[in-house]
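Visitor: Here you go, query29.csv (CSV, C-alpha atoms and all ligand atoms):
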```csv
chain,number,residue,atom,x,y,z
W,590,MET,CA,16.0,15.7,-4.5
W,591,ARG,CA,12.7,14.2,-3.4
W,592,TRP,CA,11.6,10.9,-2.0
W,593,SER,CA,8.3,9.1,-1.1
W,594,ASP,CA,6.8,6.4,1.1
W,595,SER,CA,4.9,3.8,-0.9
W,596,HIS,CA,2.7,2.7,2.1
W,597,CYS,CA,1.9,4.4,5.4
W,598,HIS,CA,-1.0,5.4,7.6
W,599,SER,CA,-2.2,8.7,8.9
W,600,THR,CA,-4.3,7.0,11.5
W,601,GLN,CA,-3.1,9.3,14.3
W,602,GLY,CA,-2.5,12.2,11.9
W,603,TYR,CA,1.0,13.5,11.4
W,604,SER,CA,2.2,16.0,14.0
W,605,PRO,CA,3.0,19.4,12.5
W,606,GLN,CA,6.6,18.8,13.6
W,607,LEU,CA,6.9,15.5,11.7
W,608,ARG,CA,5.3,17.0,8.6
W,609,GLN,CA,7.8,19.9,8.7
W,610,GLU,CA,10.7,17.5,9.1
W,611,LEU,CA,9.5,15.4,6.2
W,612,ALA,CA,8.9,18.4,4.0
W,613,GLN,CA,12.4,19.9,4.8
W,614,ASP,CA,14.0,16.5,4.0
W,615,GLY,CA,12.4,16.4,0.5
W,616,CYS,CA,9.6,13.9,1.3
W,617,ALA,CA,7.1,14.6,-1.5
W,618,LEU,CA,4.5,11.8,-1.3
W,619,LEU,CA,2.9,9.6,1.4
W,620,LEU,CA,0.8,6.9,-0.2
W,621,GLN,CA,-1.9,5.8,2.3
W,622,GLY,CA,-3.4,2.4,3.0
W,623,GLY,CA,-7.2,2.7,3.6
W,624,ILE,CA,-8.8,0.9,6.6
W,625,ALA,CA,-12.4,2.1,7.2
W,626,PRO,CA,-14.7,5.2,6.8
W,627,ASP,CA,-13.4,7.1,9.9
W,628,GLU,CA,-9.9,6.7,8.8
W,629,TRP,CA,-10.7,7.8,5.2
W,630,SER,CA,-11.9,11.1,6.8
W,631,ILE,CA,-8.5,11.5,8.5
W,632,GLN,CA,-6.8,11.1,5.2
W,633,GLU,CA,-9.1,13.7,3.6
W,634,SER,CA,-8.5,16.2,6.4
W,635,LEU,CA,-4.7,16.0,5.6
W,636,LEU,CA,-5.1,16.6,1.9
W,637,ASP,CA,-4.2,20.3,1.8
W,638,THR,CA,-1.6,20.3,4.5
W,639,GLY,CA,1.3,19.2,2.3
W,640,PRO,CA,4.1,18.8,1.4
W,641,PRO,CA,4.4,16.0,1.8
W,642,HIS,CA,1.4,15.3,-0.4
W,643,ILE,CA,-1.1,12.7,1.0
W,644,VAL,CA,-2.3,10.3,-1.7
W,645,PRO,CA,-5.7,9.2,-0.4
W,646,ILE,CA,-6.6,5.5,-0.7
W,647,PHE,CA,-10.0,4.3,0.4
W,648,GLY,CA,-11.0,0.7,1.1
W,649,ILE,CA,-12.1,-1.7,3.8
W,650,HIS,CA,-9.0,-3.4,5.2
W,651,PRO,CA,-9.0,-7.3,5.3
W,652,TRP,CA,-8.5,-7.0,9.1
W,653,THR,CA,-11.5,-4.8,9.4
W,654,LEU,CA,-13.5,-7.3,7.4
W,655,ALA,CA,-12.5,-10.0,9.9
W,656,THR,CA,-13.6,-8.0,13.0
W,657,GLU,CA,-16.6,-5.9,12.1
W,658,ASP,CA,-20.2,-7.3,11.9
W,659,GLU,CA,-22.0,-7.6,8.6
W,660,ALA,CA,-24.3,-4.6,9.1
W,661,ALA,CA,-21.4,-2.3,9.9
W,662,LEU,CA,-19.5,-3.6,6.8
W,663,GLU,CA,-22.5,-3.0,4.5
W,664,LEU,CA,-22.8,0.5,5.8
W,665,ALA,CA,-19.0,1.0,5.2
W,666,TRP,CA,-19.4,-0.4,1.7
W,667,GLN,CA,-22.2,2.1,0.9
W,668,LYS,CA,-19.9,4.9,2.1
W,669,LEU,CA,-17.1,3.6,0.0
W,670,GLU,CA,-19.3,3.6,-3.1
W,671,GLN,CA,-20.4,7.2,-2.4
W,672,ARG,CA,-16.8,8.5,-1.6
W,673,ILE,CA,-14.7,6.5,-4.1
W,674,THR,CA,-14.3,9.4,-6.5
W,675,SER,CA,-12.5,11.4,-3.8
W,676,ALA,CA,-9.8,8.7,-3.5
W,677,GLN,CA,-6.9,8.2,-5.8
W,678,GLY,CA,-6.9,4.4,-5.3
W,679,VAL,CA,-8.8,1.5,-3.8
W,680,GLY,CA,-7.2,-0.3,-0.8
W,681,GLU,CA,-6.1,-2.0,1.3
W,682,ILE,CA,-7.8,-4.9,-0.3
W,683,GLY,CA,-6.9,-8.6,-0.5
W,684,LEU,CA,-6.9,-11.9,1.3
W,685,ASP,CA,-5.3,-12.5,4.8
W,686,PRO,CA,-6.3,-15.9,6.2
W,687,LEU,CA,-3.9,-15.2,9.1
W,688,HIS,CA,-6.5,-12.7,10.4
W,689,ALA,CA,-9.6,-14.5,9.1
W,690,LYS,CA,-9.4,-17.8,11.0
W,691,THR,CA,-12.8,-19.3,10.1
W,692,ARG,CA,-14.1,-20.4,6.7
W,693,ASP,CA,-16.9,-17.8,7.0
W,694,LEU,CA,-14.5,-15.0,7.5
W,695,GLN,CA,-12.2,-16.1,4.7
W,696,GLU,CA,-15.3,-16.3,2.4
W,697,ARG,CA,-16.3,-12.8,3.5
W,698,GLN,CA,-12.8,-11.4,2.7
W,699,ARG,CA,-13.0,-13.1,-0.7
W,700,LYS,CA,-16.4,-11.6,-1.4
W,701,PHE,CA,-15.3,-8.1,-0.5
W,702,PHE,CA,-12.0,-8.5,-2.4
W,703,ILE,CA,-14.1,-9.1,-5.5
W,704,ARG,CA,-16.4,-6.2,-4.8
W,705,HIS,CA,-13.3,-3.9,-4.3
W,706,LEU,CA,-11.8,-5.1,-7.6
W,707,GLN,CA,-15.1,-4.5,-9.4
W,708,LEU,CA,-15.2,-1.0,-7.9
W,709,ALA,CA,-11.6,-0.3,-8.9
W,710,ALA,CA,-12.2,-1.5,-12.5
W,711,ALA,CA,-15.4,0.5,-12.8
W,712,HIS,CA,-13.8,3.7,-11.6
W,713,GLN,CA,-10.4,3.0,-13.2
W,714,LYS,CA,-8.6,3.3,-9.9
W,715,PRO,CA,-5.4,1.6,-9.0
W,716,CYS,CA,-5.3,-0.8,-6.0
W,717,VAL,CA,-3.2,-1.2,-2.9
W,718,PHE,CA,-3.2,-4.9,-2.2
W,719,HIS,CA,-2.8,-6.5,1.3
W,720,ILE,CA,-2.1,-10.2,0.7
W,721,VAL,CA,-0.8,-12.5,3.4
W,722,ARG,CA,-0.4,-16.3,2.9
W,723,ALA,CA,-2.6,-16.2,-0.2
W,724,TYR,CA,-0.3,-15.0,-3.0
W,725,PRO,CA,-1.4,-17.6,-5.6
W,726,GLU,CA,-5.1,-17.3,-4.9
W,727,ALA,CA,-5.1,-13.5,-5.0
W,728,ILE,CA,-3.2,-13.2,-8.3
W,729,HIS,CA,-5.3,-15.9,-9.9
W,730,LEU,CA,-8.4,-13.9,-9.2
W,731,ILE,CA,-6.8,-10.6,-10.3
W,732,ALA,CA,-5.2,-11.8,-13.5
W,733,ARG,CA,-8.2,-14.0,-14.6
W,734,GLU,CA,-11.1,-11.6,-13.8
W,735,TYR,CA,-9.6,-8.1,-13.6
W,736,PRO,CA,-6.5,-8.0,-15.8
W,737,GLU,CA,-7.0,-4.3,-16.4
W,738,VAL,CA,-6.6,-3.5,-12.7
W,739,ARG,CA,-3.2,-1.9,-11.8
W,740,GLY,CA,-1.6,-1.4,-8.4
W,741,LEU,CA,1.0,-2.4,-5.9
W,742,VAL,CA,1.3,-5.2,-3.4
W,743,HIS,CA,2.1,-3.7,-0.1
W,744,SER,CA,4.6,-5.4,2.2
W,745,PHE,CA,5.5,-8.0,-0.4
W,746,TRP,CA,7.8,-10.8,0.9
W,747,ALA,CA,8.1,-14.0,-1.0
W,748,PRO,CA,10.3,-16.0,-3.4
W,749,ALA,CA,10.5,-15.4,-7.1
W,750,ALA,CA,8.0,-18.2,-8.0
W,751,LEU,CA,5.3,-16.4,-6.1
W,752,ALA,CA,6.2,-13.0,-7.3
W,753,LYS,CA,6.4,-13.9,-11.0
W,754,PRO,CA,2.7,-13.7,-11.8
W,755,TYR,CA,2.4,-10.4,-10.1
W,756,LEU,CA,5.4,-9.0,-12.0
W,757,ASP,CA,4.1,-10.5,-15.3
W,758,ALA,CA,0.7,-8.8,-14.6
W,759,GLY,CA,2.6,-5.4,-14.4
W,760,LEU,CA,1.9,-5.0,-10.7
W,761,PHE,CA,4.5,-3.3,-8.4
W,762,LEU,CA,6.0,-4.8,-5.3
W,763,SER,CA,6.3,-2.6,-2.2
W,764,LEU,CA,9.0,-3.9,0.1
W,765,PRO,CA,8.8,-3.5,3.9
W,766,PRO,CA,11.6,-2.1,6.1
W,767,ARG,CA,12.8,-5.5,7.0
W,768,ILE,CA,14.7,-5.5,3.6
W,769,GLN,CA,17.3,-3.4,5.5
W,770,LYS,CA,18.1,-6.5,7.6
W,771,GLY,CA,18.5,-8.9,4.6
W,772,ASP,CA,16.9,-10.3,1.5
W,773,PRO,CA,16.3,-14.0,2.1
W,774,HIS,CA,14.2,-14.4,-1.0
W,775,GLY,CA,16.5,-12.5,-3.3
W,776,ILE,CA,13.8,-10.0,-4.3
W,777,LEU,CA,16.3,-7.3,-5.0
W,778,ARG,CA,17.9,-9.6,-7.6
W,779,TYR,CA,14.9,-11.2,-9.3
W,780,ALA,CA,12.5,-8.2,-9.5
W,781,PRO,CA,13.1,-5.4,-12.1
W,782,ARG,CA,14.1,-2.2,-10.3
W,783,GLU,CA,11.3,-0.4,-12.1
W,784,GLN,CA,8.7,-2.6,-10.4
W,785,LEU,CA,10.0,-2.2,-6.8
W,786,VAL,CA,9.1,0.5,-4.3
W,787,PHE,CA,9.8,0.8,-0.6
W,788,GLU,CA,7.5,1.5,2.3
W,789,SER,CA,7.5,2.2,6.0
W,790,ASP,CA,4.0,0.9,6.9
W,791,SER,CA,4.4,3.5,9.7
W,792,PRO,CA,3.3,4.1,12.3
W,793,GLN,CA,4.5,0.9,13.9
W,794,HIS,CA,4.8,0.8,17.7
W,795,PHE,CA,7.8,-0.9,19.1
W,796,GLN,CA,8.4,-2.4,22.5
W,797,ASP,CA,10.8,0.4,23.6
W,798,GLY,CA,7.9,2.8,23.2
W,799,SER,CA,9.2,4.3,19.9
W,800,VAL,CA,7.0,4.8,16.9
W,801,SER,CA,8.2,4.5,13.3
W,802,THR,CA,7.7,7.2,10.7
W,803,PRO,CA,7.9,7.5,6.9
W,804,PHE,CA,11.6,8.1,7.3
W,805,LEU,CA,12.0,4.3,7.5
W,806,ALA,CA,11.0,4.1,3.8
W,807,LYS,CA,13.9,6.5,3.0
W,808,GLU,CA,16.3,4.4,5.0
W,809,SER,CA,15.3,1.3,2.9
W,810,GLN,CA,15.8,3.3,-0.3
W,811,LYS,CA,19.3,4.3,0.8
W,812,HIS,CA,20.2,0.8,1.9
W,813,VAL,CA,19.0,-0.7,-1.4
W,814,ALA,CA,20.6,1.9,-3.6
W,815,ALA,CA,24.0,1.2,-1.9
W,816,LEU,CA,23.5,-2.6,-2.6
W,817,TRP,CA,22.6,-1.8,-6.2
W,818,GLY,CA,25.5,0.6,-6.6
W,819,GLU,CA,23.0,3.3,-7.6
W,820,ALA,CA,22.8,6.9,-6.4
W,821,TRP,CA,20.0,6.9,-3.9
W,822,GLU,CA,18.6,10.1,-5.4
W,823,VAL,CA,18.1,8.1,-8.7
W,824,LEU,CA,16.2,5.4,-6.9
W,825,ALA,CA,14.1,7.9,-4.9
W,826,GLU,CA,13.1,9.8,-7.9
W,827,ARG,CA,12.2,6.6,-9.8
W,828,GLN,CA,9.9,5.7,-6.9
W,829,CYS,CA,8.2,9.1,-6.9
W,830,ARG,CA,7.6,8.8,-10.6
W,831,THR,CA,6.3,5.3,-10.3
W,832,LEU,CA,3.8,6.3,-7.6
W,833,GLU,CA,2.7,9.4,-9.6
W,834,ALA,CA,2.2,7.4,-12.8
W,835,LEU,CA,0.2,4.8,-10.9
W,836,PHE,CA,-1.9,6.9,-8.6
W,837,TYR,CA,-2.4,10.3,-10.2
W,838,ARG,CA,-5.2,9.8,-12.6
W,839,PRO,CA,-6.6,12.8,-14.6
H,901,ZN,ZN,-0.9,-0.9,5.9
```
Give the structure from this file in structure tokens form.
Ligand SMILES: [Zn+2]

Guide:
Amino acid sequence: MRWSDSHCHSTQGYSPQLRQELAQDGCALLLQGGIAPDEWSIQESLLDTGPPHIVPIFGIHPWTLATEDEAALELAWQKLEQRITSAQGVGEIGLDPLHAKTRDLQERQRKFFIRHLQLAAAHQKPCVFHIVRAYPEAIHLIAREYPEVRGLVHSFWAPAALAKPYLDAGLFLSLPPRIQKGDPHGILRYAPREQLVFESDSPQHFQDGSVSTPFLAKESQKHVAALWGEAWEVLAERQCRTLEALFYRP
């Protein structure tokens, strides 16, 4: 029996104790979301410490794009071009106007989104998409200009009409832990099981001082398997195979 987390961050590293607990529990894969050059280095430093296996994903996060200055971003971009062959995917990339309040910043996010997509297409790397309040705009761009690009949409949360073009494009939807509290959009009914994966987006810091871990992804998988009347081991294995097929490229 093995399971995986379709989106998390090793920004503070994983303590040896947590890694051991994850490994003993059958956690096989931790798919990362890239943020910036220093953080890619943390991912790389963890590569040979598994299980669980770290799947390195490099990219400049849409939030980073909204906070860093142009010169720093161009430098980061050069590093990304130099280091992309060490990554198994490009991400997090996308549009997030909630964190890019001005037109200039939104335009910058869009420009870098296109650059990342070009890089992913050129190197045949799958993508981890971060898209907030821009689902139609983002898929329009992907499906029209880069139909060959594969990947998953991290923290997807929207009704069927917004999901349909992503599912039709063969992309995967990675659902956040809040699926354990309810499914107001009916995602678990409208999306094919084969195109759904479950993430922790850990570490998240809560008000009571606690910090989430990849185990939150396992809890989602158990919760959803019970709703679907499926053995959770079956769901967990399907997710592992989905992530391997998507992100392990020869
Ligand atoms: Zn993330």

Visitor: Go ahead and compute the interatomic distance for atom CA of W:Ala676 and atom CA of W:Phe647, in Å to one decimal.

Guide: 5.9 Å

Visitor: If we count only C-alpha atoms, what is near stretch 730-736 of chain W at a cut-off of 9 Å, once residues fewer than 3 positions away on the same chain are taken out, given as a PyMOL selection string?

Guide: chain W and resi 703+706-707+710+725-727+739+754-755+758

Visitor: Could you list, as a PyMOL selection string, all residues that come within 12 Å of ligand ZN 901 (chain H)? Count all atoms listed in the file.

Guide: chain W and resi 594-600+620-625+646-653+680-683+717-721+742-745+763-765+788-793

Visitor: Create the file for the chosen residues now, containing C-alpha atoms and written as an mmCIF file, in the coordinates of the input.

Guide:
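Written file, selection-v5.cif:
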```
data_model
loop_
_atom_site.group_PDB
_atom_site.id
_atom_site.type_symbol
_atom_site.label_atom_id
_atom_site.label_comp_id
_atom_site.auth_asym_id
_atom_site.auth_seq_id
_atom_site.Cartn_x
_atom_site.Cartn_y
_atom_site.Cartn_z
ATOM 1 C CA ASP W 594 6.800 6.400 1.100
ATOM 2 C CA SER W 595 4.900 3.800 -0.900
ATOM 3 C CA HIS W 596 2.700 2.700 2.100
ATOM 4 C CA CYS W 597 1.900 4.400 5.400
ATOM 5 C CA HIS W 598 -1.000 5.400 7.600
ATOM 6 C CA SER W 599 -2.200 8.700 8.900
ATOM 7 C CA THR W 600 -4.300 7.000 11.500
ATOM 8 C CA LEU W 620 0.800 6.900 -0.200
ATOM 9 C CA GLN W 621 -1.900 5.800 2.300
ATOM 10 C CA GLY W 622 -3.400 2.400 3.000
ATOM 11 C CA GLY W 623 -7.200 2.700 3.600
ATOM 12 C CA ILE W 624 -8.800 0.900 6.600
ATOM 13 C CA ALA W 625 -12.400 2.100 7.200
ATOM 14 C CA ILE W 646 -6.600 5.500 -0.700
ATOM 15 C CA PHE W 647 -10.000 4.300 0.400
ATOM 16 C CA GLY W 648 -11.000 0.700 1.100
ATOM 17 C CA ILE W 649 -12.100 -1.700 3.800
ATOM 18 C CA HIS W 650 -9.000 -3.400 5.200
ATOM 19 C CA PRO W 651 -9.000 -7.300 5.300
ATOM 20 C CA TRP W 652 -8.500 -7.000 9.100
ATOM 21 C CA THR W 653 -11.500 -4.800 9.400
ATOM 22 C CA GLY W 680 -7.200 -0.300 -0.800
ATOM 23 C CA GLU W 681 -6.100 -2.000 1.300
ATOM 24 C CA ILE W 682 -7.800 -4.900 -0.300
ATOM 25 C CA GLY W 683 -6.900 -8.600 -0.500
ATOM 26 C CA VAL W 717 -3.200 -1.200 -2.900
ATOM 27 C CA PHE W 718 -3.200 -4.900 -2.200
ATOM 28 C CA HIS W 719 -2.800 -6.500 1.300
ATOM 29 C CA ILE W 720 -2.100 -10.200 0.700
ATOM 30 C CA VAL W 721 -0.800 -12.500 3.400
ATOM 31 C CA VAL W 742 1.300 -5.200 -3.400
ATOM 32 C CA HIS W 743 2.100 -3.700 -0.100
ATOM 33 C CA SER W 744 4.600 -5.400 2.200
ATOM 34 C CA PHE W 745 5.500 -8.000 -0.400
ATOM 35 C CA SER W 763 6.300 -2.600 -2.200
ATOM 36 C CA LEU W 764 9.000 -3.900 0.100
ATOM 37 C CA PRO W 765 8.800 -3.500 3.900
ATOM 38 C CA GLU W 788 7.500 1.500 2.300
ATOM 39 C CA SER W 789 7.500 2.200 6.000
ATOM 40 C CA ASP W 790 4.000 0.900 6.900
ATOM 41 C CA SER W 791 4.400 3.500 9.700
ATOM 42 C CA PRO W 792 3.300 4.100 12.300
ATOM 43 C CA GLN W 793 4.500 0.900 13.900
#
```

Visitor: Please provide as a PyMOL selection string all residues within 12 Å of W:Gly775, with the sequence filter that same-chain residues fewer than 2 positions apart are discarded (counting all atoms listed in the file).

Guide: chain W and resi 746-750+752+764+768+771-773+777-781

Visitor: Could you write stretch 634-670 of chain W as a PDB file, in the coordinates of the input, with N, CA and C atoms rebuilt where they are missing?

Guide:
```pdb
ATOM      1  N   SER W 634      -8.737  14.938   5.672  1.00  0.00           N
ATOM      2  CA  SER W 634      -8.500  16.200   6.400  1.00  0.00           C
ATOM      3  C   SER W 634      -7.012  16.618   6.261  1.00  0.00           C
ATOM      4  N   LEU W 635      -6.145  15.709   5.786  1.00  0.00           N
ATOM      5  CA  LEU W 635      -4.700  16.000   5.600  1.00  0.00           C
ATOM      6  C   LEU W 635      -4.362  16.456   4.212  1.00  0.00           C
ATOM      7  N   LEU W 636      -5.363  16.434   3.323  1.00  0.00           N
ATOM      8  CA  LEU W 636      -5.100  16.600   1.900  1.00  0.00           C
ATOM      9  C   LEU W 636      -4.368  17.922   1.581  1.00  0.00           C
ATOM     10  N   ASP W 637      -4.775  18.992   2.211  1.00  0.00           N
ATOM     11  CA  ASP W 637      -4.200  20.300   1.800  1.00  0.00           C
ATOM     12  C   ASP W 637      -3.155  20.780   2.797  1.00  0.00           C
ATOM     13  N   THR W 638      -2.549  19.853   3.532  1.00  0.00           N
ATOM     14  CA  THR W 638      -1.600  20.300   4.500  1.00  0.00           C
ATOM     15  C   THR W 638      -0.128  20.052   4.035  1.00  0.00           C
ATOM     16  N   GLY W 639       0.020  19.531   2.812  1.00  0.00           N
ATOM     17  CA  GLY W 639       1.300  19.200   2.300  1.00  0.00           C
ATOM     18  C   GLY W 639       2.186  20.340   1.932  1.00  0.00           C
ATOM     19  N   PRO W 640       3.492  20.159   1.526  1.00  0.00           N
ATOM     20  CA  PRO W 640       4.100  18.800   1.400  1.00  0.00           C
ATOM     21  C   PRO W 640       4.431  18.247   2.788  1.00  0.00           C
ATOM     22  N   PRO W 641       4.571  16.914   2.862  1.00  0.00           N
ATOM     23  CA  PRO W 641       4.400  16.000   1.800  1.00  0.00           C
ATOM     24  C   PRO W 641       2.941  15.782   1.388  1.00  0.00           C
ATOM     25  N   HIS W 642       2.743  15.475   0.103  1.00  0.00           N
ATOM     26  CA  HIS W 642       1.400  15.300  -0.400  1.00  0.00           C
ATOM     27  C   HIS W 642       0.851  13.935   0.058  1.00  0.00           C
ATOM     28  N   ILE W 643      -0.381  13.954   0.579  1.00  0.00           N
ATOM     29  CA  ILE W 643      -1.100  12.700   1.000  1.00  0.00           C
ATOM     30  C   ILE W 643      -1.804  12.161  -0.217  1.00  0.00           C
ATOM     31  N   VAL W 644      -1.543  10.903  -0.572  1.00  0.00           N
ATOM     32  CA  VAL W 644      -2.300  10.300  -1.700  1.00  0.00           C
ATOM     33  C   VAL W 644      -3.377   9.410  -1.014  1.00  0.00           C
ATOM     34  N   PRO W 645      -4.642   9.870  -1.097  1.00  0.00           N
ATOM     35  CA  PRO W 645      -5.700   9.200  -0.400  1.00  0.00           C
ATOM     36  C   PRO W 645      -6.132   7.864  -1.030  1.00  0.00           C
ATOM     37  N   ILE W 646      -6.209   6.829  -0.230  1.00  0.00           N
ATOM     38  CA  ILE W 646      -6.600   5.500  -0.700  1.00  0.00           C
ATOM     39  C   ILE W 646      -7.723   5.010   0.202  1.00  0.00           C
ATOM     40  N   PHE W 647      -8.879   4.726  -0.390  1.00  0.00           N
ATOM     41  CA  PHE W 647     -10.000   4.300   0.400  1.00  0.00           C
ATOM     42  C   PHE W 647     -10.354   2.820   0.137  1.00  0.00           C
ATOM     43  N   GLY W 648     -10.612   2.100   1.216  1.00  0.00           N
ATOM     44  CA  GLY W 648     -11.000   0.700   1.100  1.00  0.00           C
ATOM     45  C   GLY W 648     -11.299   0.158   2.483  1.00  0.00           C
ATOM     46  N   ILE W 649     -11.860  -1.046   2.520  1.00  0.00           N
ATOM     47  CA  ILE W 649     -12.100  -1.700   3.800  1.00  0.00           C
ATOM     48  C   ILE W 649     -11.014  -2.780   3.972  1.00  0.00           C
ATOM     49  N   HIS W 650     -10.162  -2.568   4.951  1.00  0.00           N
ATOM     50  CA  HIS W 650      -9.000  -3.400   5.200  1.00  0.00           C
ATOM     51  C   HIS W 650      -9.409  -4.861   5.458  1.00  0.00           C
ATOM     52  N   PRO W 651      -8.652  -5.850   4.967  1.00  0.00           N
ATOM     53  CA  PRO W 651      -9.000  -7.300   5.300  1.00  0.00           C
ATOM     54  C   PRO W 651      -9.108  -7.547   6.765  1.00  0.00           C
ATOM     55  N   TRP W 652      -8.350  -6.829   7.608  1.00  0.00           N
ATOM     56  CA  TRP W 652      -8.500  -7.000   9.100  1.00  0.00           C
ATOM     57  C   TRP W 652      -9.813  -6.488   9.554  1.00  0.00           C
ATOM     58  N   THR W 653     -10.225  -5.328   9.014  1.00  0.00           N
ATOM     59  CA  THR W 653     -11.500  -4.800   9.400  1.00  0.00           C
ATOM     60  C   THR W 653     -12.634  -5.723   9.013  1.00  0.00           C
ATOM     61  N   LEU W 654     -12.488  -6.349   7.861  1.00  0.00           N
ATOM     62  CA  LEU W 654     -13.500  -7.300   7.400  1.00  0.00           C
ATOM     63  C   LEU W 654     -13.639  -8.483   8.357  1.00  0.00           C
ATOM     64  N   ALA W 655     -12.523  -8.816   9.025  1.00  0.00           N
ATOM     65  CA  ALA W 655     -12.500 -10.000   9.900  1.00  0.00           C
ATOM     66  C   ALA W 655     -13.029  -9.642  11.315  1.00  0.00           C
ATOM     67  N   THR W 656     -13.185  -8.337  11.618  1.00  0.00           N
ATOM     68  CA  THR W 656     -13.600  -8.000  13.000  1.00  0.00           C
ATOM     69  C   THR W 656     -14.933  -7.301  13.104  1.00  0.00           C
ATOM     70  N   GLU W 657     -15.345  -6.579  12.056  1.00  0.00           N
ATOM     71  CA  GLU W 657     -16.600  -5.900  12.100  1.00  0.00           C
ATOM     72  C   GLU W 657     -17.801  -6.797  11.796  1.00  0.00           C
ATOM     73  N   ASP W 658     -19.022  -6.425  12.255  1.00  0.00           N
ATOM     74  CA  ASP W 658     -20.200  -7.300  11.900  1.00  0.00           C
ATOM     75  C   ASP W 658     -20.701  -6.886  10.519  1.00  0.00           C
ATOM     76  N   GLU W 659     -21.548  -7.774   9.989  1.00  0.00           N
ATOM     77  CA  GLU W 659     -22.000  -7.600   8.600  1.00  0.00           C
ATOM     78  C   GLU W 659     -22.705  -6.287   8.355  1.00  0.00           C
ATOM     79  N   ALA W 660     -23.543  -5.863   9.318  1.00  0.00           N
ATOM     80  CA  ALA W 660     -24.300  -4.600   9.100  1.00  0.00           C
ATOM     81  C   ALA W 660     -23.355  -3.428   9.013  1.00  0.00           C
ATOM     82  N   ALA W 661     -22.365  -3.384   9.883  1.00  0.00           N
ATOM     83  CA  ALA W 661     -21.400  -2.300   9.900  1.00  0.00           C
ATOM     84  C   ALA W 661     -20.619  -2.295   8.551  1.00  0.00           C
ATOM     85  N   LEU W 662     -20.318  -3.488   8.064  1.00  0.00           N
ATOM     86  CA  LEU W 662     -19.500  -3.600   6.800  1.00  0.00           C
ATOM     87  C   LEU W 662     -20.364  -3.133   5.621  1.00  0.00           C
ATOM     88  N   GLU W 663     -21.647  -3.476   5.621  1.00  0.00           N
ATOM     89  CA  GLU W 663     -22.500  -3.000   4.500  1.00  0.00           C
ATOM     90  C   GLU W 663     -22.620  -1.519   4.478  1.00  0.00           C
ATOM     91  N   LEU W 664     -22.707  -0.945   5.682  1.00  0.00           N
ATOM     92  CA  LEU W 664     -22.800   0.500   5.800  1.00  0.00           C
ATOM     93  C   LEU W 664     -21.460   1.137   5.269  1.00  0.00           C
ATOM     94  N   ALA W 665     -20.355   0.537   5.684  1.00  0.00           N
ATOM     95  CA  ALA W 665     -19.000   1.000   5.200  1.00  0.00           C
ATOM     96  C   ALA W 665     -18.946   0.911   3.709  1.00  0.00           C
ATOM     97  N   TRP W 666     -19.483  -0.176   3.163  1.00  0.00           N
ATOM     98  CA  TRP W 666     -19.400  -0.400   1.700  1.00  0.00           C
ATOM     99  C   TRP W 666     -20.217   0.723   0.988  1.00  0.00           C
ATOM    100  N   GLN W 667     -21.406   1.038   1.523  1.00  0.00           N
ATOM    101  CA  GLN W 667     -22.200   2.100   0.900  1.00  0.00           C
ATOM    102  C   GLN W 667     -21.411   3.424   0.888  1.00  0.00           C
ATOM    103  N   LYS W 668     -20.739   3.708   2.012  1.00  0.00           N
ATOM    104  CA  LYS W 668     -19.900   4.900   2.100  1.00  0.00           C
ATOM    105  C   LYS W 668     -18.798   4.903   1.086  1.00  0.00           C
ATOM    106  N   LEU W 669     -18.217   3.736   0.924  1.00  0.00           N
ATOM    107  CA  LEU W 669     -17.100   3.600   0.000  1.00  0.00           C
ATOM    108  C   LEU W 669     -17.592   3.931  -1.448  1.00  0.00           C
ATOM    109  N   GLU W 670     -18.742   3.379  -1.804  1.00  0.00           N
ATOM    110  CA  GLU W 670     -19.300   3.600  -3.100  1.00  0.00           C
ATOM    111  C   GLU W 670     -19.573   5.134  -3.339  1.00  0.00           C
TER     112      GLU W 670
END
```
